[in-house]
Amino acid sequence: MSDTVTTVRAGTEEARAARTAQAPTTEPTTETRTQQRDAAPRPARPRDAFFDNAKYLAIVLVAVGHAWEPLRQGSRAVTALYMLVYAFHMPAFIIISGYFSRTFDGSPARLKRLLTGVVVPYVVFETAYTLFTRWTSQDPGRPVSLLDPLYLTWFLAALFAWRLTTPLWRMVRWPLPLALVLAMAATTAPSIGHDLDLQRTLQFLPYFVFGLLLRPEHFRLVRRRTVRILAVPVAGCALAVAYWAVPRLDYAWFFHADSAPELGVPLWYGPLMTLAAFGCSLVLVGCFLAWVPGRRTWFTALGAGTLSGYLLHGFVAQAAKHWGWYEPAWVRGPAGVITATLVAALVVTALCTPAVRRVFRCVTEPGMAWAFGARGAAGAGTRRAAP
């Protein structure tokens with residue numbers, strides 16, 4: 001009996017020794033655990049239908065605004081609609097961009113996404129729009145310059161600067177007041193110039209910082225039934241005010257592209273108009289978001305392709321002027337305005353479809369794994385922030 005017990009104990013000790021020999025002799029270091037965590041692919045975050053709906057509707061308004069641009073002259077109604085839309089469509093887009101930039105921390109994966117999703121499209125489309133402008137003879141001698149954003153490429157240059165400074169805005173104590181002070185100061189300084197459209201970058205900065213400060217509960221707040229009901233009369237009053245303001249107010253204030261002296265007004269107008277435009281835009285953005293559907297709709301999937309829609313529809317808008325689509329007299333009437341609106345909405349919708357997005361992904365969302373090392377490749381599975 002004792003021999004049997006001794007044999008069992010010996011076998012147990014031998015098994016334990018074998019397991020000990022197979023086990024690692026040291027605990028993995030913190031650096032090893034970090035590398036293993038970065039290398040492991042992270043599951044993609046499910047897309048929120050509300051934000052995809054909001055981005056699609058905002059990009060439709062951007063395209064419609066560009067379609068209305070040649071129809072403003074001689075039409076107070078079109079100009080009022082144009083002013084109203086420009087008061088909130090880009091602020092809405094920028095606020096959403098700021099909201100989805102909250103996680104930007106300057107890590108290699110985030111920087112890689114910033115380069116491939118913003119810098120590369122900027123270089124490609126700035127060059128493309130310059131060559132297109134030469135071809136349409138709008139400016140045959142225009143040089144290719146990455147310091148002078150052309151047409152709608154300014155947004156990419158601004159988004160690069162905003163997102164790169166996100167960690168700073170998360171550190172300071174009063175980010176929104178500071179951003180407003182910078183925007184107000186910019187309107188008094190024509191010497192800032194227009195390299196990289198810095199004037200517009202600074203004047204739109206408060207909207208991006210405002211988006212950084214938002215939380216999911218804030219979006220749920222504006223989607224309450226009470227807010228939706230109030231949004232209707234508020235939007236109606238805003239349209240009436242815009243119609244009244246057409247001969248009295250320069251709608252260029254909502255472009256946020258020039259200083260007060262460049263708009264031909266006293267220096268002190270700039271800070272006051274910055275605050276007034278910011279307050280007005282926030283109210284209208286709230287009205288807009290209040291009526292954005294929160295459920296999946298037929299256009300929800302198009303919200304993922306708004307970058308391609310934004311960057312590509314400009315060629316159609318510029319070509320329409322070059323080919324004389326606005327020259328027939330009927331285009332200046334109500335039927336023409338409705339037609340231009342529908343065509344713009346249909347064109348940008350088509351450009352947001354998954355098929356078009358796949359075709360142009362090599363320049364709008366390039367992977368560029370060949371250009372990055374192991375750490376850049378490890379970040380490929382990182383969640384992507386919405387543009």
# chains A, B, ... in the order shown; residues from 1 in each chain; ligands from 1
$ residues_around --residues "segment 301-305 of chain A" --least-positions-apart "3" --cutoff "6 Å" --atoms "only C-alpha atoms" --output "list in words"
Asp52, Asn53, Lys55, Tyr56, Ser308, Cys352 and Thr353 of chain A
$ write_last_selection --atoms "C-alpha atoms" --output "tab-separated table (two decimals), in the first residue's frame"
chain	number	residue	atom	x	y	z
A	52	ASP	CA	-25.23	59.04	-39.98
A	53	ASN	CA	-28.64	60.57	-40.72
A	55	LYS	CA	-24.31	63.87	-41.63
A	56	TYR	CA	-26.20	62.87	-44.75
A	308	SER	CA	-16.72	61.41	-50.76
A	352	CYS	CA	-22.43	59.15	-50.98
A	353	THR	CA	-23.44	55.63	-52.05
$ residues_around --residues "Leu230 of chain A" --least-positions-apart "3" --cutoff "12 Å" --atoms "only C-alpha atoms" --output "VMD selection string"
chain A and resid 222 to 227 233 to 237 283 to 284 286 to 288 290 to 291
$ select_by_dssp --residues "segment 123-324 of chain A" --states "alpha helix (DSSP H)" --output "JSON, numbers by chain"
{"A": [123, 124, 125, 126, 127, 128, 129, 130, 131, 132, 133, 134, 135, 154, 155, 156, 157, 158, 159, 160, 161, 162, 163, 164, 166, 167, 168, 169, 170, 171, 175, 176, 177, 178, 179, 180, 181, 182, 183, 184, 185, 186, 198, 199, 200, 201, 202, 203, 204, 205, 206, 207, 208, 209, 210, 211, 212, 213, 216, 217, 218, 219, 220, 221, 222, 225, 226, 227, 228, 229, 230, 231, 232, 233, 234, 235, 236, 237, 238, 239, 240, 241, 242, 243, 244, 245, 269, 270, 271, 272, 273, 274, 275, 276, 277, 278, 279, 280, 281, 282, 283, 284, 285, 286, 287, 288, 289, 290, 306, 307, 308, 309, 310, 311, 312, 313, 314, 315, 316, 317, 318, 319, 320, 321, 322]}
$ closest_residue --among "A:Ala344, A:Leu152, A:Val85, A:Leu213" --to "Tyr99 of chain A" --atoms "only C-alpha atoms"
A:Leu213
$ residues_around --residues "Asp258 of chain A" --least-positions-apart "2" --cutoff "8 Å" --atoms "only C-alpha atoms" --output "PyMOL selection string"
chain A and resi 187+190+199-200+253+255-256+260+262-263
$ write_last_selection --atoms "N, CA, C and O atoms" --output "PDB file, in the first residue's frame"
ATOM      1  N   THR A 187     -11.313  88.126 -36.200  1.00  0.00           N
ATOM      2  CA  THR A 187     -12.101  89.033 -37.037  1.00  0.00           C
ATOM      3  C   THR A 187     -11.543  90.447 -37.034  1.00  0.00           C
ATOM      4  O   THR A 187     -11.928  91.258 -37.883  1.00  0.00           O
ATOM      5  N   PRO A 190      -6.880  91.376 -40.026  1.00  0.00           N
ATOM      6  CA  PRO A 190      -6.729  90.982 -41.434  1.00  0.00           C
ATOM      7  C   PRO A 190      -5.320  90.519 -41.762  1.00  0.00           C
ATOM      8  O   PRO A 190      -5.105  89.836 -42.767  1.00  0.00           O
ATOM      9  N   GLN A 199      -7.888  82.178 -41.267  1.00  0.00           N
ATOM     10  CA  GLN A 199      -8.962  83.036 -40.786  1.00  0.00           C
ATOM     11  C   GLN A 199     -10.233  82.216 -40.539  1.00  0.00           C
ATOM     12  O   GLN A 199     -10.872  82.315 -39.489  1.00  0.00           O
ATOM     13  N   ARG A 200     -10.593  81.385 -41.508  1.00  0.00           N
ATOM     14  CA  ARG A 200     -11.794  80.570 -41.376  1.00  0.00           C
ATOM     15  C   ARG A 200     -11.592  79.480 -40.314  1.00  0.00           C
ATOM     16  O   ARG A 200     -12.530  79.140 -39.576  1.00  0.00           O
ATOM     17  N   TRP A 253     -20.889  87.039 -43.361  1.00  0.00           N
ATOM     18  CA  TRP A 253     -20.526  86.791 -41.969  1.00  0.00           C
ATOM     19  C   TRP A 253     -20.637  85.312 -41.630  1.00  0.00           C
ATOM     20  O   TRP A 253     -19.903  84.805 -40.777  1.00  0.00           O
ATOM     21  N   PHE A 255     -19.904  82.915 -43.628  1.00  0.00           N
ATOM     22  CA  PHE A 255     -18.813  82.166 -44.251  1.00  0.00           C
ATOM     23  C   PHE A 255     -17.631  82.069 -43.295  1.00  0.00           C
ATOM     24  O   PHE A 255     -16.796  81.176 -43.439  1.00  0.00           O
ATOM     25  N   HIS A 256     -17.523  83.037 -42.372  1.00  0.00           N
ATOM     26  CA  HIS A 256     -16.418  83.079 -41.406  1.00  0.00           C
ATOM     27  C   HIS A 256     -15.060  83.054 -42.100  1.00  0.00           C
ATOM     28  O   HIS A 256     -14.120  82.444 -41.593  1.00  0.00           O
ATOM     29  N   ALA A 260     -13.303  91.769 -40.160  1.00  0.00           N
ATOM     30  CA  ALA A 260     -14.222  92.905 -40.248  1.00  0.00           C
ATOM     31  C   ALA A 260     -13.738  93.958 -41.249  1.00  0.00           C
ATOM     32  O   ALA A 260     -14.541  94.422 -42.073  1.00  0.00           O
ATOM     33  N   GLU A 262     -11.991  93.542 -43.885  1.00  0.00           N
ATOM     34  CA  GLU A 262     -12.151  92.997 -45.232  1.00  0.00           C
ATOM     35  C   GLU A 262     -13.608  93.001 -45.674  1.00  0.00           C
ATOM     36  O   GLU A 262     -13.893  92.993 -46.871  1.00  0.00           O
ATOM     37  N   LEU A 263     -14.537  93.024 -44.726  1.00  0.00           N
ATOM     38  CA  LEU A 263     -15.962  93.103 -45.050  1.00  0.00           C
ATOM     39  C   LEU A 263     -16.457  94.543 -45.061  1.00  0.00           C
ATOM     40  O   LEU A 263     -17.656  94.793 -45.240  1.00  0.00           O
TER      41      LEU A 263
END
